>>> print(open('protein30.tsv').read())   # TSV, C-alpha atoms
chain	number	residue	atom	x	y	z
A	1	MET	CA	-1.30	-12.47	0.76
A	2	SER	CA	1.16	-13.79	-1.80
A	3	LEU	CA	4.66	-12.49	-2.40
A	4	ILE	CA	3.71	-10.65	-5.58
A	5	GLU	CA	0.73	-8.99	-3.92
A	6	ARG	CA	2.83	-7.85	-0.96
A	7	LEU	CA	5.52	-6.31	-3.13
A	8	SER	CA	3.00	-4.76	-5.50
A	9	LEU	CA	1.14	-3.18	-2.61
A	10	ALA	CA	4.40	-2.00	-1.10
A	11	ALA	CA	5.18	-0.28	-4.38
A	12	LEU	CA	1.70	1.18	-4.76
A	13	ALA	CA	1.73	2.45	-1.20
A	14	LEU	CA	4.52	4.85	-2.08
A	15	PRO	CA	3.27	8.35	-2.81
A	16	GLY	CA	2.45	8.99	-6.41
A	17	LEU	CA	0.75	5.94	-7.87
A	18	LEU	CA	-2.12	4.89	-5.70
A	19	VAL	CA	-4.75	7.39	-6.75
A	20	GLY	CA	-8.10	7.87	-5.09
A	21	GLY	CA	-9.39	9.26	-1.85
A	22	GLU	CA	-12.15	8.83	0.60
A	23	ALA	CA	-15.71	8.47	-0.64
A	24	GLN	CA	-17.53	11.77	-0.93
A	25	ALA	CA	-21.26	12.22	-0.75
A	26	GLY	CA	-23.08	13.32	-3.88
A	27	ARG	CA	-22.38	12.29	-7.42
A	28	ALA	CA	-18.92	10.71	-7.54
A	29	GLU	CA	-18.29	11.43	-11.22
A	30	GLU	CA	-20.16	13.46	-13.81
A	31	LEU	CA	-17.97	12.53	-16.78
A	32	TYR	CA	-16.64	9.32	-18.28
A	33	HIS	CA	-12.97	8.86	-17.66
A	34	ALA	CA	-10.28	6.30	-18.40
A	35	ASP	CA	-6.91	6.00	-16.66
A	36	PHE	CA	-3.78	4.04	-17.44
A	37	GLN	CA	-0.97	3.76	-14.90
A	38	TYR	CA	2.42	2.08	-14.96
A	39	ALA	CA	4.94	1.62	-12.16
A	40	HIS	CA	8.38	0.06	-11.97
A	41	TYR	CA	9.65	-0.88	-8.50
A	42	GLU	CA	13.19	-2.16	-7.99
A	43	GLU	CA	15.33	-3.09	-4.99
A	44	SER	CA	19.11	-2.89	-4.74
A	45	LYS	CA	21.51	-5.85	-4.40
A	46	GLY	CA	19.83	-7.76	-7.23
A	47	ARG	CA	16.62	-8.24	-5.26
A	48	MET	CA	13.05	-7.99	-6.47
A	49	LYS	CA	11.66	-6.01	-9.41
A	50	VAL	CA	7.95	-5.34	-9.87
A	51	ASP	CA	6.13	-3.93	-12.90
A	52	VAL	CA	2.51	-2.84	-12.41
A	53	PHE	CA	0.10	-2.11	-15.26
A	54	GLU	CA	-3.33	-0.72	-14.36
A	55	LEU	CA	-6.28	0.26	-16.55
A	56	SER	CA	-9.42	1.72	-15.01
A	57	ALA	CA	-12.61	3.31	-16.28
A	58	VAL	CA	-15.52	5.15	-14.65
A	59	ALA	CA	-18.88	5.78	-16.32
A	60	PRO	CA	-22.00	7.64	-15.12
A	61	ILE	CA	-25.28	5.78	-15.63
A	62	GLY	CA	-28.26	8.10	-15.50
A	63	ASP	CA	-28.36	10.83	-12.88
A	64	LYS	CA	-27.45	8.83	-9.78
A	65	ILE	CA	-25.37	5.74	-10.61
A	66	THR	CA	-21.67	5.48	-11.36
A	67	ALA	CA	-19.98	2.26	-12.53
A	68	SER	CA	-16.28	1.49	-12.36
A	69	VAL	CA	-13.94	-1.27	-13.53
A	70	ASP	CA	-10.26	-1.75	-12.73
A	71	LEU	CA	-7.79	-4.17	-14.35
A	72	VAL	CA	-4.30	-4.80	-12.96
A	73	ARG	CA	-1.41	-6.96	-14.12
A	74	ASP	CA	1.70	-7.30	-11.94
A	75	THR	CA	4.91	-9.06	-12.88
A	76	ILE	CA	7.69	-9.76	-10.43
A	77	SER	CA	11.22	-11.03	-11.01
A	78	GLY	CA	14.56	-11.22	-9.26
A	79	ALA	CA	15.76	-12.77	-6.02
A	80	SER	CA	13.92	-12.88	-2.71
A	81	PRO	CA	15.31	-13.30	0.84
A	82	ILE	CA	14.54	-16.81	2.12
A	83	LEU	CA	16.33	-17.01	5.47
A	84	ASN	CA	19.24	-15.72	7.53
A	85	ILE	CA	22.27	-17.82	8.48
A	86	LYS	CA	25.38	-17.28	10.60
A	87	ASN	CA	28.76	-17.49	8.90
A	88	SER	CA	31.95	-18.92	10.34
A	89	ASP	CA	32.61	-15.61	12.14
A	90	GLY	CA	29.24	-15.74	13.85
A	91	LYS	CA	27.84	-12.85	11.81
A	92	VAL	CA	24.36	-13.02	10.31
A	93	GLU	CA	24.09	-13.15	6.53
A	94	GLN	CA	20.96	-13.12	4.40
A	95	TYR	CA	20.41	-15.96	1.96
A	96	LEU	CA	18.56	-15.08	-1.24
A	97	SER	CA	16.74	-17.29	-3.70
A	98	GLY	CA	18.10	-17.52	-7.22
A	99	ALA	CA	17.37	-14.62	-9.53
A	100	SER	CA	15.11	-16.80	-11.68
A	101	ILE	CA	11.84	-15.97	-9.89
A	102	PHE	CA	9.09	-14.81	-12.22
A	103	GLU	CA	5.47	-14.39	-11.19
A	104	GLN	CA	2.44	-12.75	-12.74
A	105	ARG	CA	-0.80	-11.66	-11.09
A	106	ASP	CA	-3.98	-10.52	-12.81
A	107	ALA	CA	-6.76	-8.74	-10.95
A	108	LEU	CA	-10.24	-7.46	-11.80
A	109	ALA	CA	-12.40	-5.20	-9.63
A	110	VAL	CA	-15.82	-3.73	-10.39
A	111	GLY	CA	-18.03	-1.33	-8.48
A	112	LEU	CA	-21.30	0.60	-8.47
A	113	SER	CA	-22.17	3.71	-6.49
A	114	TYR	CA	-25.50	5.46	-5.99
A	115	ALA	CA	-25.77	9.12	-5.05
A	116	PHE	CA	-28.57	10.47	-2.89
A	117	ASP	CA	-28.74	14.17	-2.02
A	118	ASP	CA	-26.17	14.04	0.78
A	119	VAL	CA	-25.27	10.36	0.92
A	120	ASN	CA	-23.31	8.13	-1.42
A	121	VAL	CA	-23.36	4.33	-1.15
A	122	SER	CA	-21.15	1.89	-3.05
A	123	PHE	CA	-20.80	-1.83	-3.63
A	124	GLY	CA	-18.10	-3.80	-5.39
A	125	GLY	CA	-16.04	-6.92	-5.65
A	126	GLY	CA	-13.18	-8.49	-7.45
A	127	VAL	CA	-10.83	-11.38	-7.98
A	128	SER	CA	-7.07	-11.68	-8.36
A	129	GLY	CA	-4.99	-14.72	-9.08
A	130	GLU	CA	-1.58	-16.14	-9.86
A	131	HIS	CA	-0.36	-19.68	-10.19
A	132	ASP	CA	-0.19	-20.31	-6.43
A	133	TYR	CA	-2.69	-17.80	-5.05
A	134	LEU	CA	-6.35	-16.92	-5.58
A	135	SER	CA	-8.20	-14.11	-3.82
A	136	ARG	CA	-11.84	-13.00	-4.02
A	137	HIS	CA	-13.24	-9.96	-2.26
A	138	LEU	CA	-16.43	-7.98	-1.69
A	139	ASN	CA	-16.67	-4.39	-0.47
A	140	THR	CA	-19.21	-1.76	0.42
A	141	GLY	CA	-19.11	1.81	1.63
A	142	ALA	CA	-21.11	4.91	2.45
A	143	SER	CA	-20.40	8.59	2.99
A	144	TRP	CA	-22.54	11.42	4.32
A	145	THR	CA	-21.88	15.11	3.75
A	146	PHE	CA	-23.52	17.64	6.08
A	147	ASN	CA	-22.82	20.87	7.96
A	148	LYS	CA	-23.22	22.95	4.76
A	149	LYS	CA	-21.02	20.40	2.95
A	150	LEU	CA	-18.09	21.17	5.23
A	151	THR	CA	-18.05	17.77	6.95
A	152	THR	CA	-18.00	14.28	5.45
A	153	LEU	CA	-18.27	11.02	7.37
A	154	SER	CA	-17.14	7.85	5.57
A	155	PHE	CA	-17.35	4.12	6.23
A	156	THR	CA	-16.08	1.20	4.15
A	157	ALA	CA	-15.99	-2.53	4.76
A	158	SER	CA	-14.52	-5.43	2.82
A	159	VAL	CA	-14.03	-9.16	3.15
A	160	ALA	CA	-11.56	-11.33	1.21
A	161	PHE	CA	-11.30	-15.09	0.82
A	162	ASP	CA	-7.85	-16.39	-0.18
A	163	GLU	CA	-6.53	-19.78	-1.24
A	164	ILE	CA	-2.79	-20.58	-1.21
A	165	THR	CA	-1.26	-23.55	-3.05
A	166	PRO	CA	2.55	-23.30	-2.66
A	167	THR	CA	4.69	-24.17	-5.67
A	168	GLY	CA	5.92	-27.74	-5.46
A	169	GLN	CA	3.22	-28.62	-2.91
A	170	SER	CA	0.22	-29.29	-5.14
A	171	ASP	CA	-1.34	-31.52	-2.49
A	172	VAL	CA	-1.33	-28.67	0.05
A	173	LYS	CA	-4.05	-26.01	-0.03
A	174	ASN	CA	-4.26	-23.36	2.66
A	175	SER	CA	-6.84	-20.62	3.12
A	176	LYS	CA	-7.40	-17.40	5.01
A	177	THR	CA	-10.07	-14.74	5.35
A	178	SER	CA	-9.59	-11.02	5.89
A	179	GLN	CA	-12.00	-8.36	7.13
A	180	LYS	CA	-11.23	-4.65	6.82
A	181	TYR	CA	-13.17	-1.63	8.06
A	182	LEU	CA	-12.52	2.09	7.70
A	183	MET	CA	-14.18	4.99	9.49
A	184	GLY	CA	-13.21	8.51	8.54
A	185	ILE	CA	-14.06	12.17	8.85
A	186	THR	CA	-13.06	15.02	6.55
A	187	GLN	CA	-13.53	18.55	7.88
A	188	VAL	CA	-13.13	21.79	5.95
A	189	ILE	CA	-11.72	24.15	8.58
A	190	ASN	CA	-11.79	27.30	6.48
A	191	LYS	CA	-11.26	28.33	2.87
A	192	ASN	CA	-7.53	27.53	3.15
A	193	SER	CA	-7.31	24.40	5.28
A	194	LEU	CA	-8.74	20.91	5.60
A	195	LEU	CA	-8.31	18.11	8.14
A	196	GLN	CA	-8.92	14.41	7.55
A	197	SER	CA	-8.75	11.54	10.03
A	198	ASN	CA	-9.30	7.85	9.24
A	199	MET	CA	-9.22	4.75	11.42
A	200	THR	CA	-8.75	1.35	9.82
A	201	PHE	CA	-9.35	-2.02	11.50
A	202	ALA	CA	-8.43	-5.38	9.97
A	203	TYR	CA	-8.70	-8.98	11.13
A	204	HIS	CA	-7.05	-11.90	9.34
A	205	LYS	CA	-7.64	-15.55	10.17
A	206	GLY	CA	-6.22	-18.76	8.73
A	207	TYR	CA	-2.90	-19.47	7.06
A	208	LEU	CA	-0.72	-16.36	7.60
A	209	SER	CA	2.74	-17.96	7.33
A	210	ASP	CA	4.95	-17.65	4.25
A	211	PRO	CA	5.53	-21.05	2.59
A	212	TYR	CA	8.65	-19.70	0.83
A	213	LYS	CA	10.44	-18.53	4.00
A	214	ALA	CA	12.48	-20.57	6.51
A	215	VAL	CA	14.35	-19.99	9.77
A	216	TYR	CA	17.82	-21.21	10.68
A	217	VAL	CA	18.10	-23.00	14.04
A	218	GLU	CA	21.66	-23.38	15.30
A	219	GLY	CA	22.59	-26.99	15.90
A	220	VAL	CA	19.35	-28.19	14.30
A	221	GLY	CA	19.07	-26.84	10.75
A	222	LEU	CA	16.12	-25.30	8.95
A	223	GLU	CA	12.51	-24.98	10.08
A	224	ASP	CA	9.51	-23.67	8.16
A	225	ASP	CA	8.24	-20.15	8.73
A	226	SER	CA	5.42	-20.41	11.32
A	227	ARG	CA	3.20	-17.49	12.34
A	228	PRO	CA	-0.01	-17.11	14.38
A	229	ARG	CA	-3.23	-18.04	12.60
A	230	HIS	CA	-4.86	-14.73	13.38
A	231	LYS	CA	-3.84	-11.09	13.20
A	232	PHE	CA	-5.56	-7.89	14.28
A	233	GLN	CA	-4.39	-4.58	12.79
A	234	TRP	CA	-5.29	-1.00	13.66
A	235	ALA	CA	-4.15	2.18	11.92
A	236	TRP	CA	-4.92	5.85	12.41
A	237	LEU	CA	-4.13	8.32	9.63
A	238	THR	CA	-4.37	12.08	10.14
A	239	ARG	CA	-3.90	14.43	7.20
A	240	TYR	CA	-3.73	18.22	7.20
A	241	VAL	CA	-3.86	20.29	4.01
A	242	HIS	CA	-3.25	24.02	3.89
A	243	TYR	CA	-3.51	26.20	0.77
A	244	PHE	CA	-1.39	29.30	0.20
A	245	LYS	CA	-3.23	31.59	-2.21
A	246	THR	CA	-0.38	34.08	-2.35
A	247	LEU	CA	2.02	31.34	-3.56
A	248	ASN	CA	0.07	30.63	-6.73
A	249	LYS	CA	-2.39	28.38	-4.85
A	250	ALA	CA	0.31	26.06	-3.50
A	251	ALA	CA	-0.60	23.53	-0.82
A	252	LEU	CA	1.20	21.78	2.01
A	253	HIS	CA	0.10	18.17	2.73
A	254	ALA	CA	1.19	16.73	6.09
A	255	ASP	CA	0.32	13.11	6.99
A	256	TYR	CA	0.96	11.05	10.10
A	257	ARG	CA	-0.02	7.38	10.39
A	258	LEU	CA	0.14	5.19	13.48
A	259	TYR	CA	0.03	1.41	12.98
A	260	VAL	CA	-0.39	-1.28	15.66
A	261	ASP	CA	-0.98	-5.04	15.42
A	262	ASP	CA	-1.20	-7.90	17.89
A	263	TRP	CA	2.00	-9.46	16.54
A	264	GLY	CA	3.83	-6.74	18.45
A	265	ILE	CA	4.64	-4.39	15.57
A	266	ASN	CA	4.15	-0.66	16.05
A	267	GLY	CA	4.81	1.56	13.05
A	268	HIS	CA	4.95	5.32	12.47
A	269	THR	CA	4.83	7.12	9.12
A	270	LEU	CA	5.42	10.83	8.55
A	271	GLU	CA	4.93	12.22	5.06
A	272	LEU	CA	5.24	15.80	3.85
A	273	SER	CA	4.58	17.07	0.33
A	274	TRP	CA	4.42	20.49	-1.31
A	275	HIS	CA	2.01	20.93	-4.23
A	276	GLN	CA	3.20	23.85	-6.32
A	277	PRO	CA	1.27	24.94	-9.42
A	278	ILE	CA	3.41	26.59	-12.04
A	279	ALA	CA	2.70	28.08	-15.45
A	280	ASP	CA	0.48	26.46	-18.10
A	281	ASP	CA	-1.26	23.91	-15.83
A	282	TRP	CA	1.96	22.30	-14.63
A	283	LEU	CA	2.14	21.02	-11.06
A	284	ILE	CA	5.34	19.99	-9.27
A	285	ILE	CA	5.21	17.99	-6.02
A	286	PRO	CA	8.39	17.33	-4.00
A	287	ARG	CA	7.89	15.03	-1.02
A	288	PHE	CA	9.57	13.42	1.98
A	289	ARG	CA	8.64	10.23	3.83
A	290	TYR	CA	9.91	8.56	7.01
A	291	TYR	CA	8.78	5.19	8.32
A	292	THR	CA	9.86	3.22	11.39
A	293	GLN	CA	8.70	0.00	13.04
A	294	ASN	CA	9.81	-2.36	15.79
A	295	GLU	CA	10.09	-6.14	15.33
A	296	ALA	CA	7.33	-8.73	15.77
A	297	ASN	CA	7.20	-10.68	19.03
A	298	PHE	CA	8.24	-13.93	17.35
A	299	TYR	CA	10.93	-12.55	15.04
A	300	GLN	CA	14.62	-13.35	15.33
A	301	ALA	CA	17.32	-13.15	12.68
A	302	THR	CA	18.35	-16.70	13.67
A	303	PHE	CA	17.26	-19.07	16.44
A	304	ASP	CA	18.85	-21.68	18.65
A	305	ALA	CA	17.26	-24.89	19.88
A	306	MET	CA	16.60	-23.40	23.33
A	307	ASP	CA	14.61	-20.33	22.27
A	308	ILE	CA	12.61	-21.46	19.24
A	309	GLY	CA	8.93	-22.07	19.85
A	310	ASP	CA	6.01	-23.18	17.73
A	311	ILE	CA	5.67	-19.62	16.38
A	312	HIS	CA	8.79	-18.21	14.72
A	313	SER	CA	9.90	-16.19	11.70
A	314	SER	CA	13.00	-14.54	10.26
A	315	ASP	CA	11.09	-12.64	7.56
A	316	TYR	CA	12.84	-9.30	6.97
A	317	ARG	CA	9.48	-7.50	6.87
A	318	LEU	CA	8.88	-8.42	10.53
A	319	THR	CA	12.14	-7.01	11.89
A	320	GLY	CA	12.75	-3.53	13.24
A	321	PHE	CA	13.89	-0.96	10.70
A	322	GLY	CA	13.37	2.54	9.35
A	323	THR	CA	13.00	3.99	5.86
A	324	LEU	CA	13.86	7.46	4.58
A	325	GLY	CA	12.37	8.45	1.25
A	326	VAL	CA	12.25	11.39	-1.13
A	327	GLY	CA	10.25	11.83	-4.30
A	328	LEU	CA	9.24	14.20	-7.03
A	329	LYS	CA	6.05	14.23	-9.09
A	330	LEU	CA	5.14	16.29	-12.16
A	331	THR	CA	1.66	16.67	-13.65
A	332	LYS	CA	0.46	18.51	-16.73
A	333	SER	CA	-3.20	19.10	-17.61
A	334	PHE	CA	-4.57	19.79	-21.08
A	335	HIS	CA	-8.09	21.23	-21.25
A	336	MET	CA	-9.98	20.58	-24.48
A	337	ALA	CA	-13.33	21.47	-26.03
A	338	GLY	CA	-14.01	18.35	-28.10
A	339	TYR	CA	-14.98	14.78	-27.23
A	340	ILE	CA	-12.10	14.55	-24.77
A	341	LYS	CA	-12.60	17.23	-22.11
A	342	GLU	CA	-9.29	16.90	-20.28
A	343	VAL	CA	-6.05	14.94	-20.45
A	344	LYS	CA	-3.71	14.79	-17.47
A	345	LEU	CA	-0.18	13.37	-17.69
A	346	GLN	CA	1.70	12.41	-14.53
A	347	MET	CA	5.24	11.20	-13.88
A	348	ALA	CA	6.91	10.52	-10.55
A	349	ALA	CA	10.12	9.11	-9.10
A	350	ASP	CA	10.67	7.97	-5.51
A	351	TYR	CA	13.84	6.74	-3.80
A	352	ASN	CA	13.89	5.06	-0.39
A	353	ASP	CA	16.73	3.88	1.84
A	354	ARG	CA	15.91	1.13	4.34
A	355	LYS	CA	18.24	0.53	7.29
A	356	ALA	CA	18.02	-1.10	10.69
A	357	SER	CA	19.79	1.94	12.16
A	358	TYR	CA	16.96	4.25	11.01
A	359	GLN	CA	14.56	2.62	13.47
A	360	ILE	CA	13.48	4.87	16.32
A	361	GLY	CA	15.15	3.50	19.45
A	362	GLY	CA	17.90	1.81	17.45
A	363	ASN	CA	18.45	-1.70	16.15
A	364	ASP	CA	21.63	-3.61	17.01
A	365	GLU	CA	21.12	-6.60	14.69
A	366	GLY	CA	23.49	-5.16	12.09
A	367	SER	CA	23.22	-4.10	8.48
A	368	PHE	CA	22.87	-7.52	6.79
A	369	ASP	CA	19.37	-6.63	5.57
A	370	ASP	CA	19.88	-2.98	4.63
A	371	PHE	CA	18.89	-2.13	1.08
A	372	SER	CA	17.43	0.67	-1.02
A	373	PHE	CA	14.60	0.73	-3.52
A	374	TYR	CA	13.11	3.11	-6.03
A	375	MET	CA	9.91	3.43	-7.99
A	376	ILE	CA	9.12	5.25	-11.23
A	377	THR	CA	5.48	5.84	-12.17
A	378	ALA	CA	3.67	7.31	-15.14
A	379	SER	CA	-0.03	7.73	-15.89
A	380	ILE	CA	-2.44	9.25	-18.37
A	381	ASN	CA	-5.93	10.27	-17.27
A	382	MET	CA	-8.63	11.19	-19.79
A	383	ARG	CA	-12.03	12.71	-19.10
A	384	PHE	CA	-14.76	12.57	-21.75
>>> encode(input="protein30.tsv", output="C-alpha cells")
Amino acid sequence: MSLIERLSLAALALPGLLVGGEAQAGRAEELYHADFQYAHYEESKGRMKVDVFELSAVAPIGDKITASVDLVRDTISGASPILNIKNSDGKVEQYLSGASIFEQRDALAVGLSYAFDDVNVSFGGGVSGEHDYLSRHLNTGASWTFNKKLTTLSFTASVAFDEITPTGQSDVKNSKTSQKYLMGITQVINKNSLLQSNMTFAYHKGYLSDPYKAVYVEGVGLEDDSRPRHKFQWAWLTRYVHYFKTLNKAALHADYRLYVDDWGINGHTLELSWHQPIADDWLIIPRFRYYTQNEANFYQATFDAMDIGDIHSSDYRLTGFGTLGVGLKLTKSFHMAGYIKEVKLQMAADYNDRKASYQIGGNDEGSFDDFSFYMITASINMRF
C-alpha cells in the first residue's frame, strides 16, 4: 500500500467519514441515491495533509438488483518522516522529508448485488492508481437473514494485486497480493439493543517494505527499510448498540476491536459514541476513541551494527504508541415530497493526540515522534 493510500485510510478510519455497514439480506436499496463526501486530515509539526473527495451513487435495477459506483480522489502534501537519527547528545530525533511532497490518487469501484428472499449476494471490483502505485481488486460477499429477521450472518472476500514503482527508480517494479476475508454476525437482542461481532482475516505477500523509509545504523550509516515478504492479520470487532426511548430515542454505541498480526503488533481500540436526536431531524453525536499498540518485532528507533538483521524498520507506524481522540458529528435530514425524497447533511470534527506514553504498558523511547492530528468531514446524501 502506498503512502497516500495509508494516510487516506487512516483518515477515513476515524469515526464520521467512512459510511456503510455490514451487508444485510434482502433488497439493499429501494431508492436511487447519490452521496458526496469531503475530508481534510492534517498532522501537527508541519507533517502530512490529506484531502479526500468521494462521489458515490446507488441505483436499483428491477426488483432484485442494485448497482453501485464509487469515485475517490485523494491529494496529499507536506512532510513525511523518513528515518530517526541520534544527535550529539545521544537523543533520538526524527528526520522529515521536505515539505514539497505532493501526491494524487484516483480510485474507481463498482458493484452489483442481487437480493433473494433472505439472502443477498454481491460482486464488485475496482482500480486505484497514482504515479508510483497501481492497485486492482475484486470482491464478493453474501449475507443471510433468518430467525424472524433477528439474526444476520455475513461473509465478504476480496483480493488485490498491487504494483509499486518507486519515484526515481523507474527500472524497479515490485508487486504484492492481498487477500481479505470477513465473517460477521448481527443479532437483535430485543427492541432496544443489538450486538454485532465481526472477524477479519488478511494475508499479504510480496513487497511489503516502504521504499521511501530508511534506518540509521550507528557507525555504518543508512540502510533501506526491509520488512518480511508476508504478513498475516487478524481482527475481532464487537459492537453493542442500545436505544433509550425515554431520551428521545438516543442510542449508545460501544465498540471494541482487537488486532493481531505476525509482525508482533497487538492493537486495542475502544470507541464510545452517543447518538442524540434533537428537534427538527437534527442528530448530534459526541464520541471518544482510544487506541494502543505495541511495536513490531523488527522495529527499533535506531540500530547499531551488532543488532541489525536482514529485517529491520524504523517506521513510526510500527512503534508502540497510544492515541486519545474526541469528536463531534452533526446531521440534519430534510424530508421532501418531490423528485428528491430526502437530503441529509453531515459535518464532523475529530481531534486525536498520539503519544508513546499513551501505550498500555508504557513506552520509554521518548517523545520524539509524538504528534497530534485532526480531521474535518462534510457530506451531502440525496435519495431520489
>>> closest_residue(input="protein30.tsv", among="A:Thr246, A:Thr145, A:Asn352, A:Asn363", to="A:Tyr41", atoms="only C-alpha atoms")
A:Asn352
>>> atom_distance(input="protein30.tsv", atom1="atom CA of A:Ser88", atom2="atom CA of A:Val215")
17.6 Å
>>> atom_distance(input="protein30.tsv", atom1="atom CA of A:Asp210", atom2="atom CA of A:Arg229")
11.7 Å
>>> closest_residue(input="protein30.tsv", among="A:Glu30, A:Asp310, A:Asp262, A:Asp89", to="A:Ala59", atoms="all atoms listed in the file")
A:Glu30
>>> closest_atom_pairs(input="protein30.tsv", of="stretch 202-307 of chain A", to="stretch 311-333 of chain A", cutoff="7 Å", atoms="only C-alpha atoms", output="CSV")
residue,atom,partner,partner_atom,distance
A:Lys213,CA,A:Asp315,CA,6.9
A:Val215,CA,A:Ser314,CA,5.6
A:Asp225,CA,A:Ser313,CA,5.2
A:Ser226,CA,A:Ile311,CA,5.1
A:Arg227,CA,A:Ile311,CA,5.2
A:Pro228,CA,A:Ile311,CA,6.5
A:Asp281,CA,A:Ser333,CA,5.5
A:Trp282,CA,A:Lys332,CA,4.6
A:Leu283,CA,A:Thr331,CA,5.1
A:Ile284,CA,A:Leu330,CA,4.7
A:Ile285,CA,A:Lys329,CA,4.9
A:Pro286,CA,A:Leu328,CA,4.4
A:Arg287,CA,A:Gly327,CA,5.2
A:Phe288,CA,A:Val326,CA,4.6
A:Arg289,CA,A:Gly325,CA,4.9
A:Tyr290,CA,A:Leu324,CA,4.8
A:Tyr291,CA,A:Thr323,CA,5.0
A:Thr292,CA,A:Gly322,CA,4.1
A:Gln293,CA,A:Gly320,CA,5.4
A:Asn294,CA,A:Gly320,CA,4.1
A:Glu295,CA,A:Thr319,CA,4.1
A:Ala296,CA,A:Leu318,CA,5.5
A:Phe298,CA,A:His312,CA,5.1
A:Tyr299,CA,A:Ser313,CA,5.0
A:Gln300,CA,A:Ser314,CA,5.5
A:Ala301,CA,A:Ser314,CA,5.1
A:Thr302,CA,A:Ser314,CA,6.7
>>> residues_around(input="protein30.tsv", residues="A:Val220", least_positions_apart="6", cutoff="10 Å", atoms="only C-alpha atoms", output="list in words")
Phe303, Asp304 and Ala305 of chain A
>>> closest_residue(input="protein30.tsv", among="A:Lys176, A:His275, A:His230, A:His137", to="A:His242", atoms="all atoms listed in the file")
A:His275
>>> residues_around(input="protein30.tsv", residues="stretch 95-101 of chain A", least_positions_apart="6", cutoff="9 Å", atoms="all atoms listed in the file", output="list in words")
Gly46, Arg47, Met48, Ile76, Ser77, Gly78, Ala79, Ser80, Pro81, Ile82, Leu83, Asn84 and Ile85 of chain A
>>> closest_residue(input="protein30.tsv", among="A:Val110, A:Ser175, A:Ser209, A:Lys91", to="A:Phe123", atoms="only C-alpha atoms")
A:Val110
>>> closest_residue(input="protein30.tsv", among="A:Lys191, A:Arg73, A:Lys49, A:Arg239", to="A:Gly129", atoms="all atoms listed in the file")
A:Arg73
>>> atom_distance(input="protein30.tsv", atom1="atom CA of A:Ile380", atom2="atom CA of A:Phe36")
5.5 Å
>>> closest_residue(input="protein30.tsv", among="A:Ile308, A:Val159, A:Val58, A:Ala235", to="A:Leu222", atoms="all atoms listed in the file")
A:Ile308
